[in-house]
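K.L.:
Input run.cif, format and content: mmCIF, C-alpha atoms.
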data_entry
loop_
_atom_site.label_atom_id
_atom_site.label_comp_id
_atom_site.auth_asym_id
_atom_site.auth_seq_id
_atom_site.Cartn_x
_atom_site.Cartn_y
_atom_site.Cartn_z
CA MET B 1 -20.25 13.57 -16.40
CA LEU B 2 -21.99 15.97 -14.01
CA SER B 3 -24.28 17.18 -16.77
CA ALA B 4 -25.12 13.58 -17.65
CA LEU B 5 -26.03 12.86 -14.04
CA ALA B 6 -28.11 16.02 -14.00
CA ASN B 7 -30.08 14.66 -16.96
CA ILE B 8 -30.92 11.57 -14.91
CA LEU B 9 -32.09 13.59 -11.93
CA LYS B 10 -34.27 15.78 -14.12
CA ILE B 11 -36.39 12.79 -15.17
CA THR B 12 -38.96 12.38 -12.40
CA GLU B 13 -39.90 8.82 -13.34
CA LEU B 14 -36.29 7.65 -13.45
CA ARG B 15 -35.47 9.43 -10.21
CA GLN B 16 -38.37 7.69 -8.49
CA LYS B 17 -37.29 4.31 -9.86
CA ILE B 18 -33.74 4.78 -8.55
CA VAL B 19 -34.99 5.85 -5.11
CA PHE B 20 -37.35 2.85 -4.94
CA THR B 21 -34.48 0.50 -5.87
CA LEU B 22 -32.25 1.96 -3.15
CA ILE B 23 -35.05 1.54 -0.58
CA MET B 24 -35.41 -2.13 -1.53
CA PHE B 25 -31.63 -2.52 -1.16
CA ALA B 26 -31.91 -1.08 2.36
CA VAL B 27 -34.66 -3.59 3.21
CA PHE B 28 -32.47 -6.43 1.91
CA ARG B 29 -29.45 -5.29 3.92
CA LEU B 30 -31.58 -4.90 7.05
CA GLY B 31 -32.83 -8.46 6.72
CA THR B 32 -29.30 -9.86 6.55
CA HIS B 33 -28.78 -8.75 10.17
CA ILE B 34 -31.94 -10.40 11.57
CA PRO B 35 -30.87 -13.87 12.83
CA ALA B 36 -33.02 -16.96 12.35
CA PRO B 37 -34.64 -18.14 15.62
CA GLY B 38 -32.91 -20.71 17.78
CA VAL B 39 -29.36 -20.54 16.37
CA ASN B 40 -26.01 -19.41 17.73
CA PRO B 41 -24.51 -17.03 15.12
CA ALA B 42 -21.06 -17.21 16.75
CA VAL B 43 -20.82 -20.95 16.00
CA ILE B 44 -21.92 -20.36 12.40
CA GLU B 45 -19.26 -17.71 11.77
CA GLN B 46 -16.51 -20.08 12.95
CA MET B 47 -17.39 -22.46 10.09
CA PHE B 48 -16.71 -19.86 7.42
CA THR B 49 -12.96 -20.19 7.17
CA SER B 50 -11.23 -18.35 4.36
CA GLY B 51 -11.10 -19.94 0.93
CA ASN B 52 -13.82 -22.57 1.34
CA LEU B 53 -17.06 -23.02 -0.55
CA LEU B 54 -19.18 -21.80 2.36
CA GLY B 55 -17.37 -18.48 2.13
CA LEU B 56 -18.26 -18.21 -1.56
CA MET B 57 -21.91 -18.98 -0.81
CA ASP B 58 -21.85 -16.37 1.94
CA LEU B 59 -20.58 -13.81 -0.58
CA PHE B 60 -23.66 -14.27 -2.78
CA SER B 61 -25.97 -13.86 0.21
CA GLY B 62 -24.30 -10.59 1.22
CA GLY B 63 -23.01 -12.04 4.51
CA ALA B 64 -26.47 -13.34 5.51
CA LEU B 65 -25.35 -16.99 5.54
CA SER B 66 -22.46 -16.45 7.98
CA LYS B 67 -24.92 -14.70 10.29
CA PHE B 68 -27.55 -17.39 9.58
CA SER B 69 -30.13 -14.64 9.17
CA ILE B 70 -33.63 -14.91 7.73
CA PHE B 71 -32.09 -14.26 4.27
CA ALA B 72 -29.40 -16.94 4.68
CA MET B 73 -30.38 -18.73 1.44
CA SER B 74 -30.66 -15.42 -0.41
CA ILE B 75 -32.36 -15.76 -3.80
CA THR B 76 -30.55 -18.99 -4.78
CA PRO B 77 -33.67 -21.26 -4.75
CA TYR B 78 -35.40 -18.89 -7.16
CA ILE B 79 -32.41 -18.98 -9.51
CA ASN B 80 -32.37 -22.79 -9.39
CA ALA B 81 -36.12 -22.92 -10.03
CA SER B 82 -35.78 -20.55 -13.00
CA ILE B 83 -33.00 -22.69 -14.50
CA ILE B 84 -35.05 -25.87 -14.03
CA MET B 85 -38.10 -24.27 -15.66
CA GLN B 86 -36.00 -23.03 -18.56
CA LEU B 87 -34.65 -26.54 -19.18
CA LEU B 88 -38.08 -28.15 -18.76
CA THR B 89 -39.53 -25.75 -21.34
CA VAL B 90 -37.47 -27.59 -23.95
CA VAL B 91 -38.72 -31.10 -23.07
CA VAL B 92 -42.26 -30.53 -21.66
CA PRO B 93 -44.77 -29.76 -24.47
CA THR B 94 -47.15 -27.81 -22.18
CA LEU B 95 -44.40 -25.47 -20.99
CA GLU B 96 -43.12 -25.06 -24.53
CA GLN B 97 -46.63 -24.08 -25.63
CA TRP B 98 -46.92 -21.57 -22.77
CA SER B 99 -43.60 -19.98 -23.78
CA LYS B 100 -45.09 -19.27 -27.24
CA GLU B 101 -48.33 -17.72 -25.93
CA GLY B 102 -46.84 -14.31 -25.22
CA GLU B 103 -47.56 -12.42 -22.03
CA GLU B 104 -50.22 -14.83 -20.77
CA GLY B 105 -47.92 -17.82 -21.18
CA ARG B 106 -45.06 -16.06 -19.43
CA LYS B 107 -47.33 -15.29 -16.48
CA ARG B 108 -48.18 -18.98 -16.13
CA ILE B 109 -44.52 -20.01 -16.26
CA THR B 110 -43.66 -17.32 -13.68
CA GLN B 111 -46.39 -18.60 -11.35
CA VAL B 112 -45.11 -22.19 -11.59
CA THR B 113 -41.57 -20.92 -10.99
CA ARG B 114 -42.72 -19.24 -7.77
CA TYR B 115 -44.29 -22.44 -6.45
CA LEU B 116 -41.19 -24.43 -7.39
CA THR B 117 -39.05 -21.83 -5.59
CA VAL B 118 -40.97 -22.37 -2.34
CA VAL B 119 -40.56 -26.15 -2.60
CA LEU B 120 -36.83 -25.96 -3.36
CA ALA B 121 -36.30 -23.36 -0.63
CA PHE B 122 -38.02 -25.53 2.00
CA VAL B 123 -35.98 -28.61 1.04
CA GLN B 124 -32.74 -26.61 1.01
CA ALA B 125 -33.61 -24.98 4.34
CA ILE B 126 -34.16 -28.36 6.00
CA GLY B 127 -30.82 -29.57 4.62
CA MET B 128 -29.05 -26.47 5.91
CA ALA B 129 -30.65 -26.77 9.35
CA ILE B 130 -29.64 -30.44 9.63
CA GLY B 131 -26.13 -29.82 8.27
CA LEU B 132 -25.55 -26.93 10.71
CA LYS B 133 -27.39 -28.48 13.67
CA GLN B 134 -24.36 -27.99 15.94
CA ALA B 135 -25.21 -24.29 15.84
CA ILE B 136 -28.84 -24.84 16.89
CA LEU B 137 -29.38 -24.05 20.56
CA ASN B 138 -32.01 -26.78 21.10
CA PRO B 139 -31.60 -29.38 18.33
CA GLY B 140 -34.83 -31.18 17.56
CA VAL B 141 -37.52 -31.68 14.92
CA ALA B 142 -39.50 -28.63 16.06
CA SER B 143 -36.46 -26.34 15.98
CA ILE B 144 -35.42 -27.58 12.53
CA LEU B 145 -38.93 -27.02 11.14
CA ILE B 146 -39.14 -23.51 12.60
CA ILE B 147 -35.76 -22.61 11.10
CA ALA B 148 -36.71 -24.15 7.74
CA ILE B 149 -40.01 -22.24 7.60
CA THR B 150 -38.23 -19.00 8.56
CA LEU B 151 -35.55 -19.37 5.87
CA THR B 152 -38.18 -20.32 3.27
CA ALA B 153 -40.21 -17.23 4.18
CA GLY B 154 -37.05 -15.10 3.86
CA THR B 155 -36.33 -16.41 0.36
CA THR B 156 -39.96 -15.93 -0.68
CA PHE B 157 -39.87 -12.35 0.59
CA LEU B 158 -36.65 -11.68 -1.34
CA MET B 159 -38.30 -13.12 -4.46
CA TRP B 160 -41.13 -10.61 -3.98
CA VAL B 161 -38.63 -7.78 -3.42
CA GLY B 162 -36.85 -8.71 -6.64
CA GLU B 163 -40.10 -8.68 -8.60
CA GLN B 164 -41.01 -5.28 -7.15
CA ILE B 165 -37.62 -3.87 -8.22
CA THR B 166 -38.17 -5.23 -11.73
CA ALA B 167 -41.65 -3.70 -11.91
CA TYR B 168 -41.10 -0.36 -10.17
CA GLY B 169 -37.33 0.09 -9.99
CA VAL B 170 -34.36 0.01 -12.35
CA GLY B 171 -32.95 -3.18 -13.83
CA ASN B 172 -33.64 -6.85 -13.13
CA GLY B 173 -34.56 -7.16 -9.45
CA ILE B 174 -33.26 -10.70 -8.87
CA SER B 175 -29.89 -9.88 -10.43
CA LEU B 176 -29.65 -6.61 -8.50
CA ILE B 177 -30.23 -8.41 -5.17
CA ILE B 178 -27.26 -10.68 -5.88
CA PHE B 179 -25.29 -7.64 -7.08
CA ALA B 180 -26.07 -5.78 -3.84
CA GLY B 181 -24.98 -8.75 -1.74
CA ILE B 182 -21.64 -9.03 -3.51
CA VAL B 183 -20.92 -5.29 -3.43
CA ALA B 184 -21.84 -5.15 0.28
CA ALA B 185 -18.93 -7.52 0.98
CA LEU B 186 -16.39 -5.04 -0.48
CA PRO B 187 -15.71 -3.15 2.80
CA LYS B 188 -15.11 -6.45 4.59
CA SER B 189 -12.65 -7.50 1.88
CA LEU B 190 -10.78 -4.21 2.17
CA GLY B 191 -10.67 -4.68 5.94
CA THR B 192 -9.19 -8.16 5.46
CA ILE B 193 -6.42 -6.76 3.25
CA TYR B 194 -5.69 -4.06 5.83
CA LYS B 195 -5.43 -6.68 8.59
CA TYR B 196 -2.96 -8.66 6.48
CA LEU B 197 -0.84 -5.53 6.05
CA GLN B 198 -0.97 -4.76 9.77
CA ALA B 199 0.07 -8.31 10.64
CA GLY B 200 2.91 -8.26 8.11
CA THR B 201 1.53 -11.31 6.29
CA ILE B 202 1.63 -9.52 2.95
CA SER B 203 3.56 -6.54 1.59
CA TYR B 204 2.46 -3.45 -0.30
CA PHE B 205 3.78 -5.13 -3.44
CA ASN B 206 1.23 -7.92 -2.98
CA VAL B 207 -1.53 -5.33 -2.63
CA ALA B 208 -0.34 -3.48 -5.73
CA LEU B 209 -0.23 -6.77 -7.68
CA PHE B 210 -3.75 -7.56 -6.48
CA LEU B 211 -5.03 -4.17 -7.69
CA VAL B 212 -3.35 -4.57 -11.10
CA ILE B 213 -4.90 -8.03 -11.54
CA ALA B 214 -8.27 -6.66 -10.42
CA LEU B 215 -8.19 -3.80 -12.93
CA PHE B 216 -7.07 -6.08 -15.76
CA MET B 217 -9.80 -8.66 -15.02
CA VAL B 218 -12.56 -6.05 -14.89
CA VAL B 219 -11.54 -4.76 -18.34
CA PHE B 220 -11.21 -8.35 -19.64
CA VAL B 221 -14.64 -9.40 -18.37
CA ILE B 222 -16.30 -6.30 -19.86
CA ALA B 223 -14.68 -7.01 -23.23
CA ILE B 224 -15.84 -10.64 -23.28
CA GLN B 225 -19.33 -9.84 -21.98
CA GLN B 226 -19.77 -7.28 -24.76
CA GLY B 227 -18.09 -9.46 -27.39
CA GLN B 228 -20.23 -10.91 -30.17
CA ARG B 229 -19.94 -12.35 -33.65
CA ARG B 230 -22.18 -10.49 -36.08
CA ILE B 231 -23.48 -12.68 -38.89
CA PRO B 232 -24.50 -10.48 -41.87
CA VAL B 233 -28.08 -11.02 -43.11
CA SER B 234 -29.75 -9.61 -46.21
CA TYR B 235 -33.49 -9.56 -46.95
CA ALA B 236 -34.87 -9.89 -50.46
CA LYS B 237 -37.38 -7.33 -51.66
CA ARG B 238 -40.99 -8.46 -51.74
CA VAL B 239 -44.13 -6.58 -52.72
CA VAL B 240 -47.27 -6.93 -50.61
CA GLY B 241 -50.12 -4.88 -52.12
CA ARG B 242 -48.71 -1.45 -52.79
CA LYS B 243 -45.93 -1.69 -50.25
CA THR B 244 -42.41 -3.01 -50.70
CA TYR B 245 -40.78 -4.90 -47.82
CA GLY B 246 -37.19 -6.03 -47.36
CA GLY B 247 -34.17 -5.03 -49.36
CA GLN B 248 -32.14 -4.02 -46.32
CA SER B 249 -29.15 -5.62 -44.58
CA THR B 250 -28.76 -6.38 -40.90
CA HIS B 251 -26.93 -8.91 -38.73
CA ILE B 252 -27.47 -11.70 -36.18
CA PRO B 253 -25.48 -11.02 -32.98
CA LEU B 254 -24.08 -14.24 -31.48
CA LYS B 255 -22.59 -13.51 -28.06
CA VAL B 256 -19.27 -15.05 -27.06
CA ASN B 257 -20.59 -15.77 -23.57
CA GLN B 258 -24.09 -16.86 -24.52
CA ALA B 259 -24.60 -19.01 -21.40
CA GLY B 260 -23.83 -16.27 -18.87
CA VAL B 261 -23.04 -17.47 -15.35
CA ILE B 262 -25.31 -20.57 -15.50
CA PRO B 263 -22.54 -23.14 -16.31
CA ILE B 264 -20.59 -22.07 -13.23
CA ILE B 265 -23.69 -22.55 -11.06
CA PHE B 266 -24.31 -26.00 -12.57
CA ALA B 267 -20.69 -27.09 -12.11
CA SER B 268 -20.45 -25.89 -8.52
CA SER B 269 -23.73 -27.66 -7.66
CA VAL B 270 -22.44 -30.96 -9.07
CA LEU B 271 -19.14 -30.71 -7.18
CA MET B 272 -20.92 -29.82 -3.96
CA PHE B 273 -22.85 -33.10 -4.05
CA PRO B 274 -20.07 -35.56 -2.97
CA VAL B 275 -18.86 -33.16 -0.25
CA THR B 276 -22.39 -32.72 1.08
CA ILE B 277 -23.10 -36.47 1.10
CA ALA B 278 -19.82 -37.16 2.91
CA GLN B 279 -20.93 -34.95 5.80
CA PHE B 280 -23.68 -37.45 6.65
CA ILE B 281 -21.69 -40.69 6.07
CA GLU B 282 -19.13 -41.71 8.67
CA VAL B 283 -17.11 -44.00 6.38
CA PRO B 284 -13.33 -43.41 6.06
CA TRP B 285 -13.03 -44.07 2.33
CA VAL B 286 -15.99 -41.79 1.59
CA LYS B 287 -14.35 -39.02 3.62
CA THR B 288 -11.12 -39.59 1.70
CA ILE B 289 -12.82 -39.28 -1.68
CA ALA B 290 -14.68 -36.17 -0.54
CA GLY B 291 -11.36 -34.69 0.56
CA TYR B 292 -10.13 -34.78 -3.05
CA PHE B 293 -13.11 -32.63 -4.04
CA ALA B 294 -12.60 -30.05 -1.30
CA TRP B 295 -12.67 -26.46 -2.49
CA GLY B 296 -9.37 -25.41 -4.09
CA THR B 297 -7.74 -28.85 -4.41
CA PRO B 298 -6.13 -29.74 -7.79
CA VAL B 299 -8.72 -32.46 -8.50
CA GLN B 300 -11.61 -30.15 -7.67
CA THR B 301 -10.17 -27.31 -9.76
CA ALA B 302 -9.62 -29.56 -12.81
CA CYS B 303 -13.10 -31.11 -12.55
CA TYR B 304 -14.58 -27.67 -12.02
CA ALA B 305 -13.06 -26.32 -15.24
CA LEU B 306 -14.07 -29.38 -17.31
CA LEU B 307 -17.64 -29.32 -16.01
CA ILE B 308 -17.95 -25.62 -16.79
CA ILE B 309 -16.83 -26.23 -20.39
CA PHE B 310 -19.32 -29.11 -20.71
CA PHE B 311 -22.25 -27.17 -19.24
CA THR B 312 -21.45 -24.12 -21.38
CA TYR B 313 -22.01 -26.19 -24.53
CA PHE B 314 -25.00 -27.96 -22.99
CA TYR B 315 -26.81 -24.80 -21.89
CA THR B 316 -26.03 -22.96 -25.13
CA ALA B 317 -27.40 -25.88 -27.17
CA VAL B 318 -30.59 -25.90 -25.07
CA THR B 319 -31.28 -22.16 -25.11
CA VAL B 320 -30.07 -21.14 -28.59
CA LYS B 321 -32.39 -22.67 -31.22
CA ILE B 322 -30.23 -22.65 -34.35
CA SER B 323 -32.84 -24.51 -36.43
CA ASP B 324 -35.57 -22.01 -35.48
CA MET B 325 -33.22 -19.15 -36.31
CA ALA B 326 -32.55 -20.54 -39.79
CA GLU B 327 -36.24 -21.29 -40.35
CA ASN B 328 -37.27 -17.77 -39.41
CA LEU B 329 -34.70 -16.30 -41.79
CA LYS B 330 -36.08 -18.42 -44.62
CA LYS B 331 -39.68 -17.60 -43.69
CA TYR B 332 -39.15 -13.84 -43.88
CA GLY B 333 -36.96 -13.88 -46.96
CA GLY B 334 -33.65 -13.42 -45.18
CA PHE B 335 -30.38 -15.10 -46.13
CA ILE B 336 -26.70 -15.05 -45.21
CA PRO B 337 -24.64 -13.90 -48.23
CA GLY B 338 -22.99 -16.91 -49.83
CA ILE B 339 -25.07 -19.45 -47.84
CA ARG B 340 -28.21 -21.16 -49.15
CA PRO B 341 -31.34 -20.75 -47.00
CA GLY B 342 -32.63 -23.68 -44.94
CA LYS B 343 -30.40 -26.51 -43.80
CA PRO B 344 -27.08 -25.02 -45.09
CA THR B 345 -27.82 -21.85 -43.09
CA ALA B 346 -28.53 -23.90 -39.95
CA GLU B 347 -25.28 -25.84 -40.41
CA TYR B 348 -23.31 -22.62 -40.91
CA LEU B 349 -24.81 -20.97 -37.82
CA ASP B 350 -24.21 -24.12 -35.77
CA ARG B 351 -20.56 -24.23 -36.87
CA VAL B 352 -20.03 -20.56 -35.95
CA MET B 353 -21.84 -20.97 -32.63
CA THR B 354 -19.71 -24.00 -31.74
CA ARG B 355 -16.48 -22.09 -32.34
CA ILE B 356 -17.35 -18.97 -30.39
CA THR B 357 -18.85 -21.08 -27.57
CA LEU B 358 -15.44 -22.71 -27.14
CA ALA B 359 -13.95 -19.28 -26.43
CA GLY B 360 -16.79 -18.52 -24.03
CA ALA B 361 -16.35 -21.87 -22.26
CA PHE B 362 -12.63 -21.33 -21.68
CA PHE B 363 -13.37 -17.79 -20.51
CA LEU B 364 -15.88 -19.05 -17.91
CA ALA B 365 -13.51 -21.80 -16.75
CA PHE B 366 -10.70 -19.28 -16.28
CA ILE B 367 -12.97 -16.83 -14.47
CA ALA B 368 -14.22 -19.58 -12.13
CA ILE B 369 -10.74 -20.67 -10.99
CA LEU B 370 -9.42 -17.08 -10.92
CA PRO B 371 -9.82 -16.65 -7.11
CA ASN B 372 -7.42 -19.55 -6.54
CA VAL B 373 -4.94 -18.04 -8.99
CA VAL B 374 -5.17 -14.59 -7.39
CA ALA B 375 -4.77 -16.04 -3.89
CA GLY B 376 -1.69 -18.00 -4.95
CA ALA B 377 -0.08 -15.07 -6.77
CA THR B 378 -0.70 -12.40 -4.12
CA GLY B 379 -0.94 -14.43 -0.90
CA ILE B 380 -4.23 -12.66 -0.07
CA GLN B 381 -6.62 -15.32 1.23
CA GLY B 382 -10.32 -14.86 1.98
CA VAL B 383 -10.89 -12.01 -0.50
CA TYR B 384 -13.19 -13.32 -3.21
CA PHE B 385 -12.20 -11.29 -6.22
CA GLY B 386 -12.95 -12.70 -9.63
CA GLY B 387 -14.87 -15.81 -10.54
CA THR B 388 -18.63 -15.82 -10.44
CA ALA B 389 -18.79 -12.68 -8.31
CA LEU B 390 -16.90 -10.55 -10.83
CA LEU B 391 -18.95 -11.94 -13.72
CA ILE B 392 -22.25 -11.15 -11.98
CA VAL B 393 -21.22 -7.67 -10.85
CA VAL B 394 -19.97 -6.63 -14.29
CA GLY B 395 -22.90 -8.21 -16.14
CA VAL B 396 -25.57 -6.68 -13.89
CA ALA B 397 -23.87 -3.28 -13.90
CA LEU B 398 -23.71 -3.23 -17.71
CA ASP B 399 -27.36 -4.29 -18.13
CA THR B 400 -28.60 -1.75 -15.58
CA MET B 401 -26.58 1.06 -17.17
CA LYS B 402 -28.04 0.19 -20.57
CA GLN B 403 -31.58 0.41 -19.20
CA ILE B 404 -30.90 3.78 -17.57
CA GLU B 405 -29.22 4.97 -20.76
CA ALA B 406 -32.26 3.96 -22.81
CA MET B 407 -34.61 5.89 -20.50
CA VAL B 408 -32.39 8.99 -20.62
CA VAL B 409 -32.06 8.91 -24.41
CA MET B 410 -35.86 8.73 -24.74
CA ARG B 411 -36.08 12.18 -23.18
CA HIS B 412 -32.73 13.71 -24.17
CA TYR B 413 -30.61 13.50 -27.29
CA GLN B 414 -27.61 12.53 -25.20
CA GLY B 415 -27.38 9.83 -22.52
CA PHE B 416 -24.83 9.41 -19.77
CA MET B 417 -22.64 6.79 -21.51
CA LYS B 418 -20.33 8.15 -24.21
#
Reformat the file's structure so that it appears as structure tokens.
P.N.:
Amino acid sequence: MLSALANILKITELRQKIVFTLIMFAVFRLGTHIPAPGVNPAVIEQMFTSGNLLGLMDLFSGGALSKFSIFAMSITPYINASIIMQLLTVVVPTLEQWSKEGEEGRKRITQVTRYLTVVLAFVQAIGMAIGLKQAILNPGVASILIIAITLTAGTTFLMWVGEQITAYGVGNGISLIIFAGIVAALPKSLGTIYKYLQAGTISYFNVALFLVIALFMVVFVIAIQQGQRRIPVSYAKRVVGRKTYGGQSTHIPLKVNQAGVIPIIFASSVLMFPVTIAQFIEVPWVKTIAGYFAWGTPVQTACYALLIIFFTYFYTAVTVKISDMAENLKKYGGFIPGIRPGKPTAEYLDRVMTRITLAGAFFLAFIAILPNVVAGATGIQGVYFGGTALLIVVGVALDTMKQIEAMVVMRHYQGFMK
């Protein structure tokens, strides 16, 4: 292991990329401690009781939301804008054309995504300022606008930081910012467990059980994230001029969790809507209905799981073009052994994709409700282990390690992963 790390440090370019990434992390963490103007952070922190949805949102922002800092919204508006653009690419002909134009088209889509991020961030910032107005020192239109502009600027700056990490650092910058925010909450979680032990609320057995569940879930998530169904593909030989092409065999990797963490984000956004609306409507029956959808209730948990399963199929169907996959195989002389090219191949791939997506959908639903299960089994409340956080941390860590491994292998025969 030490020799493998030494190989990394010997590569000047890689060493510089890692240092640059760590510097950007430091900038991000510094910004989480700079409060937005005109708010009382003490009032904000009182709202973040253990086990609620605000606490989960605060986890993704690295504690910036509970401090109501300039990075309170984190990179969430950019993620929402990227998802919207990805879905619009399927239905808007202009965006679909841009996506097929290579690097130039991707630049155009990225530029539109940035503008959409600013719009979504400003709207979300106004909503947050109005919803948390009891924490504003001098409530008023001017104060709300100043706070909204500050939070929008913070999100825009984080978007720029993420792009700089992607260009000059290691890994995907946006994903690494979320990763850094979640990992930064680990010391606080350990402190919470220690306080429970000191108060006698939980026993060492509960802590041991928590650690066993944590270890098992990390291994389970890695296995599913790496899991794929490999469809064998053979290419017929064809002669072009004096050269012979094809004749080899390969495979199409279909991932078990093709949709990633997107279905969980969709489902949580949908379930947040009735609770958010109820905050602004002083009607008893509306409050009652919203109470059924409070974070962790049986109704909310059941709806959460069902919506995740639905959105897993929806997002997979939108992003995975089975018909294009089958057409490309036919175009280049490829075929699945025992399956006729064309429509039969598309039907076979669609049937396989539907089956493995079911496993991925149940996996995501289980991961999403895991924090409630862990809290009930161990009695440890307010420690967000599992769910979306675990999925993001494991996924980002694996992708970043693969990129570092690829750079090391380019210069050495052996990487750092064995």
K.L.:
May I have the centre and edge lengths, in Å to one decimal, of an axis-aligned box around the listed atoms of segment 387-398 of chain B with 5 Å added to every side, as JSON?
P.N.:
{"center_x": -20.2, "center_y": -9.5, "center_z": -13.0, "size_x": 20.7, "size_y": 22.6, "size_z": 19.4}
K.L.:
Mind checking which residues fall within 12 Å of Asp350 of chain B, counting only C-alpha atoms, ignoring those fewer than 4 positions away in the same chain, and posting them as a ChimeraX atom specification?
P.N.:
/B:231,254,313,316-317,320-326,343-346,354-357
K.L.:
Here is a test: counting all atoms listed in the file, which residue of B:Met128, B:Leu307, B:Val221, B:Ile34 is nearest to Phe266 of chain B?
P.N.:
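Among the listed residues, the smallest separation from Phe266 of chain B belongs to B:Leu307.
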K.L.:
Expressed in Å to a single decimal, how great is the separation between atom CA of Ala142 of chain B and atom CA of Ala81 of chain B?
P.N.:
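So the two atoms, atom CA of Ala142 of chain B and atom CA of Ala81 of chain B, lie 26.9 Å apart.
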K.L.:
Using all atoms listed in the file for the distances, tell me which of B:Val123, B:Ile147, B:Val393, B:Val19 is nearest to Pro35 of chain B.
P.N.:
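Answer, going by the shortest atom-to-atom distance: B:Ile147.
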K.L.:
Could you check which of B:Gly360, B:Pro341, B:Pro284, B:Pro139 is closest to Val39 of chain B, using all atoms listed in the file?
P.N.:
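The answer is B:Pro139, which sits nearest to Val39 of chain B.
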K.L.:
Between atom CA of Ile165 of chain B and atom CA of Ile79 of chain B, measure the distance and give it in Å to one decimal.
P.N.:
16.0 Å
K.L.:
List the spatial neighbours of Val207 of chain B as a PyMOL selection string - criterion: any atom at most 8 Å away, all atoms listed in the file, same-chain residues fewer than 5 positions off excluded.
P.N.:
chain B and resi 193+202+378
K.L.:
B:Ala214, B:Val233, B:Ile126, B:Ile75: which is nearest Phe28 of chain B, counting all atoms listed in the file?
P.N.:
B:Ile75
K.L.:
Between atom CA of Tyr78 of chain B and atom CA of Glu103 of chain B, what is the distance, to one decimal in Å?
P.N.:
20.3 Å
